[in-house]
file query-v3.tsv (TSV, C-alpha atoms and all ligand atoms)
chain	number	residue	atom	x	y	z
A	1	MET	CA	-7.65	21.54	11.08
A	2	PRO	CA	-7.00	23.74	8.03
A	3	ARG	CA	-8.74	22.50	4.91
A	4	ALA	CA	-8.25	22.84	1.18
A	5	SER	CA	-10.72	21.83	-1.50
A	6	THR	CA	-9.84	20.28	-4.83
A	7	ARG	CA	-11.82	19.84	-8.01
A	8	SER	CA	-11.02	17.27	-10.62
A	9	THR	CA	-10.43	18.36	-14.20
A	10	ARG	CA	-13.87	17.22	-15.39
A	11	SER	CA	-16.92	18.86	-13.87
A	12	GLY	CA	-20.58	18.00	-14.16
A	13	GLY	CA	-22.39	14.72	-13.64
A	14	PRO	CA	-24.24	13.68	-10.51
A	15	LEU	CA	-22.24	13.66	-7.31
A	16	PRO	CA	-22.45	10.13	-5.84
A	17	LYS	CA	-22.62	9.27	-2.18
A	18	THR	CA	-18.93	9.14	-1.65
A	19	SER	CA	-16.68	6.19	-1.15
A	20	GLY	CA	-12.96	6.05	-1.96
A	21	SER	CA	-9.80	6.95	-0.10
A	22	ASP	CA	-7.17	8.14	-2.59
A	23	PHE	CA	-7.45	11.25	-4.71
A	24	ALA	CA	-5.51	13.67	-6.90
A	25	GLY	CA	-6.53	16.99	-8.37
A	26	VAL	CA	-6.08	20.75	-8.38
A	27	VAL	CA	-6.75	22.92	-5.33
A	28	GLU	CA	-9.76	25.08	-6.02
A	29	SER	CA	-9.84	27.06	-2.79
A	30	VAL	CA	-8.38	26.92	0.71
A	31	GLY	CA	-9.93	27.43	4.10
A	32	PRO	CA	-8.98	30.04	6.68
A	33	GLY	CA	-5.43	29.65	8.02
A	34	VAL	CA	-4.15	27.51	5.15
A	35	SER	CA	-0.80	28.79	3.90
A	36	ALA	CA	0.82	25.57	2.64
A	37	PHE	CA	-1.55	25.29	-0.34
A	38	ALA	CA	-3.01	27.76	-2.80
A	39	PRO	CA	-5.59	27.58	-5.58
A	40	GLY	CA	-4.05	25.97	-8.65
A	41	ASP	CA	-1.72	23.64	-6.73
A	42	ARG	CA	-1.57	20.06	-7.99
A	43	VAL	CA	-2.00	17.69	-5.04
A	44	CYS	CA	-2.80	14.13	-4.08
A	45	GLY	CA	-3.76	12.50	-0.80
A	46	THR	CA	-5.31	9.55	0.94
A	47	ALA	CA	-7.01	8.28	4.11
A	48	LEU	CA	-10.41	9.87	3.53
A	49	HIS	CA	-12.01	6.73	4.87
A	50	THR	CA	-10.98	7.27	8.47
A	51	ALA	CA	-13.36	8.36	11.20
A	52	ARG	CA	-12.26	11.99	10.85
A	53	PHE	CA	-13.83	12.52	7.43
A	54	ALA	CA	-17.42	12.38	6.26
A	55	GLY	CA	-16.72	12.15	2.54
A	56	GLY	CA	-14.72	10.04	0.14
A	57	SER	CA	-12.90	10.58	-3.12
A	58	PHE	CA	-15.33	9.13	-5.66
A	59	ALA	CA	-16.47	12.65	-6.49
A	60	ASP	CA	-15.83	15.60	-8.79
A	61	ALA	CA	-14.72	17.71	-5.81
A	62	LEU	CA	-13.85	17.08	-2.18
A	63	VAL	CA	-12.78	18.89	0.96
A	64	ALA	CA	-9.74	17.50	2.80
A	65	PRO	CA	-7.65	18.46	5.80
A	66	THR	CA	-4.15	19.56	4.81
A	67	ASP	CA	-2.40	16.83	6.80
A	68	VAL	CA	-3.56	14.16	4.32
A	69	LEU	CA	-2.54	15.90	1.12
A	70	THR	CA	0.79	16.57	-0.51
A	71	PRO	CA	1.88	18.61	-3.53
A	72	LEU	CA	2.46	16.51	-6.64
A	73	PRO	CA	6.03	16.87	-7.92
A	74	ASP	CA	6.14	18.24	-11.50
A	75	GLY	CA	7.12	14.82	-12.83
A	76	VAL	CA	4.24	12.93	-11.20
A	77	GLY	CA	0.83	12.82	-12.88
A	78	PHE	CA	-2.58	12.82	-11.20
A	79	GLU	CA	-3.09	9.15	-12.01
A	80	GLU	CA	0.24	8.08	-10.54
A	81	GLY	CA	-0.37	10.19	-7.42
A	82	ALA	CA	-3.84	8.77	-6.83
A	83	ALA	CA	-2.66	5.21	-7.55
A	84	VAL	CA	0.30	5.27	-5.20
A	85	ALA	CA	-1.06	7.26	-2.25
A	86	LEU	CA	-2.61	4.67	0.08
A	87	VAL	CA	-0.50	1.73	-1.01
A	88	GLY	CA	2.71	3.75	-0.98
A	89	VAL	CA	2.09	5.10	2.52
A	90	THR	CA	1.21	1.58	3.71
A	91	ALA	CA	4.34	0.03	2.19
A	92	TRP	CA	6.59	2.81	3.54
A	93	LEU	CA	5.11	2.62	7.00
A	94	GLY	CA	5.18	-1.17	7.15
A	95	LEU	CA	8.64	-1.80	5.74
A	96	LEU	CA	10.57	1.23	6.94
A	97	GLU	CA	8.86	2.44	10.12
A	98	TYR	CA	7.56	-0.82	11.61
A	99	GLY	CA	9.92	-3.21	9.84
A	100	GLY	CA	13.03	-1.01	10.06
A	101	LEU	CA	14.16	-2.53	6.74
A	102	ALA	CA	17.90	-2.10	6.08
A	103	PRO	CA	19.99	-2.75	2.93
A	104	THR	CA	21.55	-5.87	4.43
A	105	ASP	CA	18.17	-7.38	5.34
A	106	ARG	CA	16.32	-10.23	3.71
A	107	CYS	CA	12.72	-9.22	3.10
A	108	LEU	CA	9.67	-11.33	2.26
A	109	VAL	CA	6.67	-9.55	0.74
A	110	HIS	CA	3.58	-11.72	0.37
A	111	GLY	CA	1.50	-11.03	-2.75
A	112	GLY	CA	4.00	-8.98	-4.75
A	113	THR	CA	1.64	-8.03	-7.58
A	114	GLY	CA	-1.15	-6.63	-5.37
A	115	GLY	CA	-1.86	-2.96	-4.77
A	116	VAL	CA	0.32	-2.68	-1.66
A	117	GLY	CA	2.51	-5.66	-2.59
A	118	HIS	CA	3.82	-4.33	-5.91
A	119	VAL	CA	4.88	-1.06	-4.33
A	120	ALA	CA	6.35	-2.86	-1.31
A	121	VAL	CA	8.51	-5.00	-3.60
A	122	GLN	CA	9.78	-1.90	-5.41
A	123	LEU	CA	10.48	-0.15	-2.13
A	124	ALA	CA	12.28	-3.10	-0.55
A	125	ALA	CA	14.40	-3.53	-3.69
A	126	ALA	CA	15.21	0.19	-3.68
A	127	VAL	CA	16.38	-0.05	-0.07
A	128	GLY	CA	18.76	-2.74	-1.29
A	129	ALA	CA	17.29	-5.59	0.73
A	130	HIS	CA	17.36	-9.12	-0.66
A	131	THR	CA	13.71	-9.18	-1.67
A	132	VAL	CA	11.65	-12.32	-2.12
A	133	THR	CA	7.96	-12.22	-2.92
A	134	THR	CA	5.05	-14.53	-3.72
A	135	ALA	CA	2.55	-14.30	-6.56
A	136	SER	CA	-0.05	-16.37	-8.37
A	137	PRO	CA	1.43	-19.00	-10.71
A	138	ASP	CA	1.22	-16.91	-13.89
A	139	ARG	CA	2.48	-13.70	-12.28
A	140	THR	CA	5.84	-14.63	-10.78
A	141	ARG	CA	7.70	-12.94	-13.66
A	142	THR	CA	5.62	-9.82	-13.23
A	143	ALA	CA	6.54	-9.77	-9.54
A	144	GLU	CA	10.21	-10.16	-10.39
A	145	ALA	CA	9.93	-7.27	-12.83
A	146	PHE	CA	8.99	-5.06	-9.88
A	147	GLY	CA	12.50	-5.72	-8.57
A	148	ALA	CA	12.23	-8.88	-6.50
A	149	ASP	CA	15.31	-11.10	-6.42
A	150	ALA	CA	12.95	-14.07	-6.54
A	151	ALA	CA	9.21	-14.58	-6.85
A	152	VAL	CA	7.62	-17.83	-5.73
A	153	ASP	CA	4.25	-19.21	-6.87
A	154	TYR	CA	2.06	-18.98	-3.76
A	155	ALA	CA	0.03	-22.03	-4.84
A	156	ARG	CA	2.99	-24.41	-4.55
A	157	GLY	CA	2.54	-27.27	-2.12
A	158	ASP	CA	6.08	-26.71	-0.86
A	159	LEU	CA	5.74	-22.93	-0.54
A	160	LEU	CA	7.43	-22.66	2.85
A	161	GLU	CA	10.42	-24.78	1.85
A	162	THR	CA	10.82	-22.88	-1.42
A	163	VAL	CA	10.59	-19.48	0.24
A	164	ARG	CA	13.04	-20.58	2.92
A	165	SER	CA	15.46	-21.83	0.29
A	166	ARG	CA	15.68	-18.26	-1.08
A	167	ALA	CA	16.99	-16.98	2.28
A	168	THR	CA	18.43	-19.85	4.24
A	169	ASP	CA	19.02	-17.86	7.44
A	170	GLY	CA	15.43	-16.63	7.38
A	171	TYR	CA	13.84	-13.25	6.71
A	172	ASP	CA	14.59	-10.17	8.77
A	173	VAL	CA	11.37	-8.46	7.70
A	174	ILE	CA	8.16	-10.13	6.54
A	175	PHE	CA	5.28	-8.05	5.17
A	176	ASP	CA	2.00	-9.98	5.30
A	177	HIS	CA	-1.44	-8.97	3.96
A	178	ARG	CA	-3.12	-12.31	4.75
A	179	ALA	CA	-2.23	-12.77	8.39
A	180	GLY	CA	-4.95	-15.32	9.10
A	181	GLU	CA	-3.48	-17.57	6.42
A	182	TYR	CA	0.25	-16.95	6.78
A	183	PHE	CA	1.07	-15.98	10.35
A	184	THR	CA	2.37	-19.40	11.34
A	185	PHE	CA	4.21	-19.59	8.00
A	186	ASP	CA	5.77	-16.18	8.77
A	187	LEU	CA	7.05	-17.39	12.12
A	188	GLU	CA	8.68	-20.35	10.40
A	189	ALA	CA	10.21	-18.22	7.66
A	190	ALA	CA	11.48	-15.44	9.92
A	191	ALA	CA	15.11	-15.05	10.96
A	192	PHE	CA	16.07	-14.94	14.60
A	193	ASP	CA	15.26	-11.42	15.89
A	194	GLY	CA	13.20	-10.72	12.75
A	195	THR	CA	10.10	-8.58	12.43
A	196	VAL	CA	6.74	-9.71	11.08
A	197	VAL	CA	4.52	-6.84	9.96
A	198	LEU	CA	0.85	-7.78	9.56
A	199	TYR	CA	-1.32	-5.31	7.66
A	200	GLY	CA	-4.28	-7.32	6.34
A	201	GLY	CA	-6.28	-10.51	6.66
A	202	LEU	CA	-6.76	-10.03	10.37
A	203	ASP	CA	-10.50	-10.68	10.39
A	204	GLY	CA	-10.21	-14.01	12.13
A	205	GLU	CA	-8.10	-14.83	15.13
A	206	VAL	CA	-4.34	-14.73	14.68
A	207	GLU	CA	-2.69	-16.60	17.47
A	208	LEU	CA	0.75	-15.66	18.66
A	209	ALA	CA	2.55	-18.95	18.18
A	210	HIS	CA	5.31	-20.29	20.34
A	211	ALA	CA	7.84	-19.84	17.53
A	212	ALA	CA	7.59	-16.07	17.97
A	213	LEU	CA	8.90	-16.44	21.50
A	214	SER	CA	11.68	-18.85	20.68
A	215	LYS	CA	12.98	-16.65	17.86
A	216	GLY	CA	12.68	-13.36	19.75
A	217	LEU	CA	10.48	-12.00	16.96
A	218	THR	CA	8.79	-8.65	16.89
A	219	VAL	CA	5.23	-8.82	15.58
A	220	GLU	CA	3.72	-5.54	14.41
A	221	VAL	CA	0.08	-5.07	13.47
A	222	MET	CA	-0.33	-1.84	11.57
A	223	SER	CA	-2.90	0.40	9.90
A	224	MET	CA	-1.89	3.38	7.81
A	225	SER	CA	-5.18	5.01	8.82
A	226	ASN	CA	-3.71	5.62	12.25
A	227	LEU	CA	-1.48	8.27	10.68
A	228	ALA	CA	-4.59	10.33	10.08
A	229	THR	CA	-5.89	10.02	13.62
A	230	ASP	CA	-2.95	9.61	16.01
A	231	PRO	CA	-1.06	12.85	16.69
A	232	GLU	CA	1.97	10.85	17.93
A	233	LEU	CA	2.57	9.37	14.47
A	234	PRO	CA	3.98	11.10	11.37
A	235	THR	CA	1.34	12.71	9.17
A	236	ILE	CA	0.06	11.12	5.97
A	237	ALA	CA	1.38	14.19	4.15
A	238	GLY	CA	4.91	13.69	5.49
A	239	VAL	CA	5.12	10.04	4.46
A	240	LEU	CA	3.37	10.62	1.14
A	241	ARG	CA	5.84	13.38	0.25
A	242	ARG	CA	8.71	10.88	0.54
A	243	VAL	CA	6.82	8.27	-1.49
A	244	LEU	CA	6.15	10.81	-4.26
A	245	GLU	CA	9.84	11.69	-4.40
A	246	LEU	CA	10.49	8.04	-5.21
A	247	VAL	CA	7.82	8.07	-7.90
A	248	ASP	CA	9.28	11.29	-9.30
A	249	ASP	CA	12.78	9.83	-9.59
A	250	GLY	CA	11.50	6.57	-11.08
A	251	THR	CA	12.29	4.34	-8.10
A	252	ILE	CA	8.61	3.41	-7.70
A	253	ALA	CA	6.17	3.11	-10.59
A	254	PRO	CA	2.59	2.37	-9.55
A	255	GLU	CA	0.92	-0.05	-11.93
A	256	ILE	CA	-2.57	0.90	-13.11
A	257	ALA	CA	-4.46	-2.20	-14.19
A	258	ARG	CA	-7.69	-0.53	-15.32
A	259	ARG	CA	-9.46	2.82	-15.40
A	260	TYR	CA	-13.16	3.40	-14.69
A	261	ASP	CA	-15.36	6.44	-15.17
A	262	LEU	CA	-16.84	7.84	-11.99
A	263	GLU	CA	-20.24	6.55	-13.14
A	264	GLU	CA	-18.68	3.05	-13.14
A	265	ALA	CA	-17.40	3.27	-9.57
A	266	SER	CA	-19.63	0.43	-8.40
A	267	GLU	CA	-18.12	-1.76	-11.13
A	268	ALA	CA	-14.65	-0.86	-9.82
A	269	HIS	CA	-15.73	-1.87	-6.32
A	270	ARG	CA	-17.03	-5.16	-7.66
A	271	ALA	CA	-13.75	-5.77	-9.47
A	272	VAL	CA	-11.74	-5.12	-6.30
A	273	ILE	CA	-13.71	-7.82	-4.52
A	274	GLU	CA	-14.08	-10.39	-7.32
A	275	ASP	CA	-11.33	-9.89	-9.90
A	276	SER	CA	-7.61	-10.52	-9.91
A	277	PHE	CA	-5.33	-7.84	-11.34
A	278	VAL	CA	-1.84	-6.40	-11.02
A	279	GLY	CA	-1.51	-3.09	-9.14
A	280	LYS	CA	-4.36	-0.63	-8.80
A	281	LEU	CA	-7.73	0.26	-10.29
A	282	LEU	CA	-8.37	3.92	-10.98
A	283	VAL	CA	-11.67	5.82	-10.94
A	284	VAL	CA	-11.34	8.89	-13.15
A	285	PRO	CA	-13.96	11.66	-12.71
B	1	LIG	N1	-3.24	-1.99	7.32
B	1	LIG	C1	-3.26	-1.08	6.37
B	1	LIG	O1	-2.91	0.08	6.57
B	1	LIG	C2	-3.70	-1.50	4.99
B	1	LIG	C3	-3.54	-0.63	3.91
B	1	LIG	C4	-3.90	-1.09	2.63
B	1	LIG	C5	-4.45	-2.35	2.47
B	1	LIG	N2	-4.65	-3.13	3.57
B	1	LIG	C6	-5.19	-4.50	3.43
B	1	LIG	O2	-4.18	-5.28	2.82
B	1	LIG	C7	-4.78	-6.27	2.01
B	1	LIG	C8	-4.21	-6.16	0.59
B	1	LIG	O3	-4.62	-4.94	0.04
B	1	LIG	P1	-4.34	-4.64	-1.50
B	1	LIG	O4	-5.03	-3.38	-1.81
B	1	LIG	O5	-2.90	-4.73	-1.79
B	1	LIG	O6	-5.12	-5.87	-2.18
B	1	LIG	P2	-5.03	-6.43	-3.66
B	1	LIG	O7	-4.61	-5.35	-4.60
B	1	LIG	O8	-6.31	-7.14	-3.90
B	1	LIG	O9	-3.83	-7.48	-3.62
B	1	LIG	C9	-3.95	-8.69	-2.97
B	1	LIG	C10	-2.88	-9.61	-3.56
B	1	LIG	O10	-2.90	-10.82	-2.83
B	1	LIG	C11	-2.60	-11.86	-3.75
B	1	LIG	N3	-3.03	-13.13	-3.22
B	1	LIG	C12	-4.21	-13.78	-3.38
B	1	LIG	N4	-4.19	-14.96	-2.74
B	1	LIG	C13	-2.96	-15.07	-2.18
B	1	LIG	C14	-2.33	-16.05	-1.41
B	1	LIG	N5	-2.96	-17.18	-1.05
B	1	LIG	N6	-1.06	-15.83	-0.99
B	1	LIG	C15	-0.41	-14.70	-1.31
B	1	LIG	N7	-0.95	-13.72	-2.05
B	1	LIG	C16	-2.21	-13.90	-2.47
B	1	LIG	C17	-3.33	-11.45	-5.01
B	1	LIG	O11	-2.74	-12.10	-6.13
B	1	LIG	P3	-3.64	-12.70	-7.31
B	1	LIG	O12	-4.74	-11.72	-7.59
B	1	LIG	O13	-2.70	-12.86	-8.48
B	1	LIG	O14	-4.18	-14.02	-6.80
B	1	LIG	C18	-3.10	-9.95	-5.02
B	1	LIG	O15	-1.94	-9.64	-5.75
B	1	LIG	C19	-6.28	-6.05	2.09
B	1	LIG	O16	-6.80	-6.90	3.09
B	1	LIG	C20	-6.40	-4.61	2.54
B	1	LIG	O17	-7.59	-4.36	3.22
B	1	LIG	C21	-4.27	-2.76	4.81
call {"tool": "encode", "arguments": {"input": "query-v3.tsv", "output": "structure tokens"}}
result
Amino acid sequence: MPRASTRSTRSGGPLPKTSGSDFAGVVESVGPGVSAFAPGDRVCGTALHTARFAGGSFADALVAPTDVLTPLPDGVGFEEGAAVALVGVTAWLGLLEYGGLAPTDRCLVHGGTGGVGHVAVQLAAAVGAHTVTTASPDRTRTAEAFGADAAVDYARGDLLETVRSRATDGYDVIFDHRAGEYFTFDLEAAAFDGTVVLYGGLDGEVELAHAALSKGLTVEVMSMSNLATDPELPTIAGVLRRVLELVDDGTIAPEIARRYDLEEASEAHRAVIEDSFVGKLLVVP
């Protein structure tokens, strides 16, 4: 696989043992056979955490195969590119490829202020789908500001009834990051012939309930990482290019909740696990 290496704008400092999936920077040099990129190109990419790659992106410089990186459009900054890469590819793949979301559809996105969720809401709204999302009690307005037609407090005791009342014939596409918690809920909320796309929270057992059969539902379980390893699927670069076009024209705006220095990367990891925030955390070398 041809490779290109990038170096972030700040050099120096100890190189950590690398974690991290997303990255953005300037191509420093390219390997033999690489013609799509040249030194000086602004790029971003994702999926460094798959089995194909030894390193991660919490570093001053990295080496990446060309099928996971994409040129940054002139109007998209490094921070936006790095913030949107993994979550944008996940939302695109889940809603458009697996979900087949269409403008006439009703779409439910769980957790519409999360990293993936806030981009998924923007994408579903841009498609033109009737978009309903859930959020913590004090963030429903934030979720609506991402373009949702309605945002429902996920802590409500009558969550299912309230979500159903926003689309009385059910949801054609449901995008779920907490499958262990919501799978049965999804089956109840789905429209006949709908599609439930599960992309997180699958650690425990998720049982295929009887409702899925009686409604003729399609249940998809997806991982964006497969794009980096399965030659049958589109490449990360191909999907990311389309996502970046939407960032460039203002359709999608990734939200950056906080920035950390590279030396604070462990603090960023801790925050991902323990804190609650809207959008993404950024580690800036
Ligand atoms: N399959 C894939 O390709 C793929 C790709 C990316 C991520 N993932 C997985 O998807 C999941 C989400 O990732 P992320 O980066 O978007 O995480 P995140 O940024 O932490 O977002 C999670 C969201 O879930 C919300 N939430 C918490 N409790 C909830 C509940 N009971 N009901 C509904 N929403 C709730 C949080 O809201 P509050 O903070 O306001 O409570 C937060 O907005 C993770 O498990 C991740 O590993 C999978």
call {"tool": "residues_near_ligand", "arguments": {"input": "query-v3.tsv", "ligand": "ligand LIG 1 (chain B)", "cutoff": "8 Å", "atoms": "all atoms listed in the file", "output": "ChimeraX atom specification"}}
result
/A:86-87,90,110-118,134-139,154-155,177-178,181-182,198-202,221-226,272-273,275-280
call {"tool": "write_last_selection", "arguments": {"input": "query-v3.tsv", "atoms": "C-alpha atoms", "output": "mmCIF file, keeping the file's coordinate frame"}}
result
data_model
loop_
_atom_site.group_PDB
_atom_site.id
_atom_site.type_symbol
_atom_site.label_atom_id
_atom_site.label_comp_id
_atom_site.auth_asym_id
_atom_site.auth_seq_id
_atom_site.Cartn_x
_atom_site.Cartn_y
_atom_site.Cartn_z
ATOM 1 C CA LEU A 86 -2.610 4.670 0.080
ATOM 2 C CA VAL A 87 -0.500 1.730 -1.010
ATOM 3 C CA THR A 90 1.210 1.580 3.710
ATOM 4 C CA HIS A 110 3.580 -11.720 0.370
ATOM 5 C CA GLY A 111 1.500 -11.030 -2.750
ATOM 6 C CA GLY A 112 4.000 -8.980 -4.750
ATOM 7 C CA THR A 113 1.640 -8.030 -7.580
ATOM 8 C CA GLY A 114 -1.150 -6.630 -5.370
ATOM 9 C CA GLY A 115 -1.860 -2.960 -4.770
ATOM 10 C CA VAL A 116 0.320 -2.680 -1.660
ATOM 11 C CA GLY A 117 2.510 -5.660 -2.590
ATOM 12 C CA HIS A 118 3.820 -4.330 -5.910
ATOM 13 C CA THR A 134 5.050 -14.530 -3.720
ATOM 14 C CA ALA A 135 2.550 -14.300 -6.560
ATOM 15 C CA SER A 136 -0.050 -16.370 -8.370
ATOM 16 C CA PRO A 137 1.430 -19.000 -10.710
ATOM 17 C CA ASP A 138 1.220 -16.910 -13.890
ATOM 18 C CA ARG A 139 2.480 -13.700 -12.280
ATOM 19 C CA TYR A 154 2.060 -18.980 -3.760
ATOM 20 C CA ALA A 155 0.030 -22.030 -4.840
ATOM 21 C CA HIS A 177 -1.440 -8.970 3.960
ATOM 22 C CA ARG A 178 -3.120 -12.310 4.750
ATOM 23 C CA GLU A 181 -3.480 -17.570 6.420
ATOM 24 C CA TYR A 182 0.250 -16.950 6.780
ATOM 25 C CA LEU A 198 0.850 -7.780 9.560
ATOM 26 C CA TYR A 199 -1.320 -5.310 7.660
ATOM 27 C CA GLY A 200 -4.280 -7.320 6.340
ATOM 28 C CA GLY A 201 -6.280 -10.510 6.660
ATOM 29 C CA LEU A 202 -6.760 -10.030 10.370
ATOM 30 C CA VAL A 221 0.080 -5.070 13.470
ATOM 31 C CA MET A 222 -0.330 -1.840 11.570
ATOM 32 C CA SER A 223 -2.900 0.400 9.900
ATOM 33 C CA MET A 224 -1.890 3.380 7.810
ATOM 34 C CA SER A 225 -5.180 5.010 8.820
ATOM 35 C CA ASN A 226 -3.710 5.620 12.250
ATOM 36 C CA VAL A 272 -11.740 -5.120 -6.300
ATOM 37 C CA ILE A 273 -13.710 -7.820 -4.520
ATOM 38 C CA ASP A 275 -11.330 -9.890 -9.900
ATOM 39 C CA SER A 276 -7.610 -10.520 -9.910
ATOM 40 C CA PHE A 277 -5.330 -7.840 -11.340
ATOM 41 C CA VAL A 278 -1.840 -6.400 -11.020
ATOM 42 C CA GLY A 279 -1.510 -3.090 -9.140
ATOM 43 C CA LYS A 280 -4.360 -0.630 -8.800
#
call {"tool": "atom_distance", "arguments": {"input": "query-v3.tsv", "atom1": "CA of Ala167 (chain A)", "atom2": "CA of Ala150 (chain A)"}}
result
10.1 Å
call {"tool": "atom_distance", "arguments": {"input": "query-v3.tsv", "atom1": "CA of Leu62 (chain A)", "atom2": "CA of His49 (chain A)"}}
result
12.7 Å
call {"tool": "residues_around", "arguments": {"input": "query-v3.tsv", "residues": "region 259-263 of chain A", "least_positions_apart": "4", "cutoff": "7 Å", "atoms": "only C-alpha atoms", "output": "VMD selection string"}}
result
chain A and resid 58 268 281 to 285
call {"tool": "residues_around", "arguments": {"input": "query-v3.tsv", "residues": "Ala148 (chain A)", "least_positions_apart": "3", "cutoff": "9 Å", "atoms": "only C-alpha atoms", "output": "VMD selection string"}}
result
chain A and resid 112 121 to 122 124 to 125 130 to 133 143 to 145 151
call {"tool": "closest_residue", "arguments": {"input": "query-v3.tsv", "among": "A:Asp172, A:Glu255, A:Asp203, A:Asp248", "to": "Val219 (chain A)", "atoms": "all atoms listed in the file"}}
result
A:Asp172
call {"tool": "atom_distance", "arguments": {"input": "query-v3.tsv", "atom1": "CA of Gly94 (chain A)", "atom2": "CA of Phe175 (chain A)"}}
result
7.2 Å
call {"tool": "closest_residue", "arguments": {"input": "query-v3.tsv", "among": "A:Trp92, A:Phe53, A:Phe37, A:Phe183", "to": "Gly238 (chain A)", "atoms": "only C-alpha atoms"}}
result
A:Trp92
call {"tool": "residues_around", "arguments": {"input": "query-v3.tsv", "residues": "Val163 (chain A)", "least_positions_apart": "3", "cutoff": "8 Å", "atoms": "only C-alpha atoms", "output": "list in words"}}
result
Val132, Val152, Leu159, Leu160, Arg166, Ala167 and Ala189 of chain A
call {"tool": "closest_atom_pairs", "arguments": {"input": "query-v3.tsv", "of": "region 54-79 of chain A", "to": "region 39-47 of chain A", "cutoff": "9 Å", "atoms": "all atoms listed in the file", "output": "JSON lines"}}
result
{"residue": "A:Gly56", "atom": "CA", "partner": "A:Ala47", "partner_atom": "CA", "distance": 8.8}
{"residue": "A:Ser57", "atom": "CA", "partner": "A:Thr46", "partner_atom": "CA", "distance": 8.7}
{"residue": "A:Ala64", "atom": "CA", "partner": "A:Gly45", "partner_atom": "CA", "distance": 8.6}
{"residue": "A:Asp67", "atom": "CA", "partner": "A:Gly45", "partner_atom": "CA", "distance": 8.9}
{"residue": "A:Val68", "atom": "CA", "partner": "A:Gly45", "partner_atom": "CA", "distance": 5.4}
{"residue": "A:Leu69", "atom": "CA", "partner": "A:Gly45", "partner_atom": "CA", "distance": 4.1}
{"residue": "A:Thr70", "atom": "CA", "partner": "A:Val43", "partner_atom": "CA", "distance": 5.4}
{"residue": "A:Pro71", "atom": "CA", "partner": "A:Val43", "partner_atom": "CA", "distance": 4.3}
{"residue": "A:Leu72", "atom": "CA", "partner": "A:Val43", "partner_atom": "CA", "distance": 4.9}
{"residue": "A:Pro73", "atom": "CA", "partner": "A:Arg42", "partner_atom": "CA", "distance": 8.2}
{"residue": "A:Asp74", "atom": "CA", "partner": "A:Arg42", "partner_atom": "CA", "distance": 8.7}
{"residue": "A:Phe78", "atom": "CA", "partner": "A:Cys44", "partner_atom": "CA", "distance": 7.2}
call {"tool": "residues_around", "arguments": {"input": "query-v3.tsv", "residues": "Gly170 (chain A)", "least_positions_apart": "4", "cutoff": "8 Å", "atoms": "only C-alpha atoms", "output": "ChimeraX atom specification"}}
result
/A:106,164,189-192
call {"tool": "closest_residue", "arguments": {"input": "query-v3.tsv", "among": "A:Asp249, A:Asp22, A:Asp193, A:Asp186", "to": "Gly88 (chain A)", "atoms": "only C-alpha atoms"}}
result
A:Asp22
call {"tool": "residues_near_point", "arguments": {"input": "query-v3.tsv", "point": "(17.4, -7.0, 3.1)", "cutoff": "7 Å", "atoms": "only C-alpha atoms", "output": "PyMOL selection string"}}
result
chain A and resi 101-107+128-131
call {"tool": "write_last_selection", "arguments": {"input": "query-v3.tsv", "atoms": "C-alpha atoms", "output": "PDB file, in the frame of the given file"}}
result
ATOM      1  CA  LEU A 101      14.160  -2.530   6.740  1.00  0.00           C
ATOM      2  CA  ALA A 102      17.900  -2.100   6.080  1.00  0.00           C
ATOM      3  CA  PRO A 103      19.990  -2.750   2.930  1.00  0.00           C
ATOM      4  CA  THR A 104      21.550  -5.870   4.430  1.00  0.00           C
ATOM      5  CA  ASP A 105      18.170  -7.380   5.340  1.00  0.00           C
ATOM      6  CA  ARG A 106      16.320 -10.230   3.710  1.00  0.00           C
ATOM      7  CA  CYS A 107      12.720  -9.220   3.100  1.00  0.00           C
ATOM      8  CA  GLY A 128      18.760  -2.740  -1.290  1.00  0.00           C
ATOM      9  CA  ALA A 129      17.290  -5.590   0.730  1.00  0.00           C
ATOM     10  CA  HIS A 130      17.360  -9.120  -0.660  1.00  0.00           C
ATOM     11  CA  THR A 131      13.710  -9.180  -1.670  1.00  0.00           C
TER      12      THR A 131
END
call {"tool": "closest_residue", "arguments": {"input": "query-v3.tsv", "among": "A:Phe185, A:Phe146, A:Gly25, A:Ala61", "to": "Asp158 (chain A)", "atoms": "all atoms listed in the file"}}
result
A:Phe185
call {"tool": "decode", "arguments": {"input": "query-v3.tsv", "residues": "region 35-39 of chain A", "atoms": "N, CA, C and O atoms", "output": "JSON list (two decimals), in the first residue's frame"}}
result
[["chain", "number", "residue", "atom", "x", "y", "z"],
["A", 35, "SER", "N", 1.31, 8.88, -6.10],
["A", 35, "SER", "CA", 1.18, 10.02, -7.02],
["A", 35, "SER", "C", 0.03, 10.94, -6.60],
["A", 35, "SER", "O", -0.05, 12.08, -7.04],
["A", 36, "ALA", "N", -0.87, 10.44, -5.76],
["A", 36, "ALA", "CA", -2.05, 11.23, -5.39],
["A", 36, "ALA", "C", -1.73, 12.32, -4.39],
["A", 36, "ALA", "O", -2.51, 13.26, -4.22],
["A", 37, "PHE", "N", -0.60, 12.21, -3.71],
["A", 37, "PHE", "CA", -0.22, 13.21, -2.70],
["A", 37, "PHE", "C", 1.21, 13.66, -2.95],
["A", 37, "PHE", "O", 2.02, 12.91, -3.50],
["A", 38, "ALA", "N", 1.49, 14.88, -2.51],
["A", 38, "ALA", "CA", 2.84, 15.42, -2.67],
["A", 38, "ALA", "C", 3.19, 16.21, -1.41],
["A", 38, "ALA", "O", 2.29, 16.69, -0.70],
["A", 39, "PRO", "N", 4.47, 16.36, -1.12],
["A", 39, "PRO", "CA", 4.87, 17.17, 0.03],
["A", 39, "PRO", "C", 4.22, 18.55, -0.03],
["A", 39, "PRO", "O", 4.14, 19.16, -1.09]]
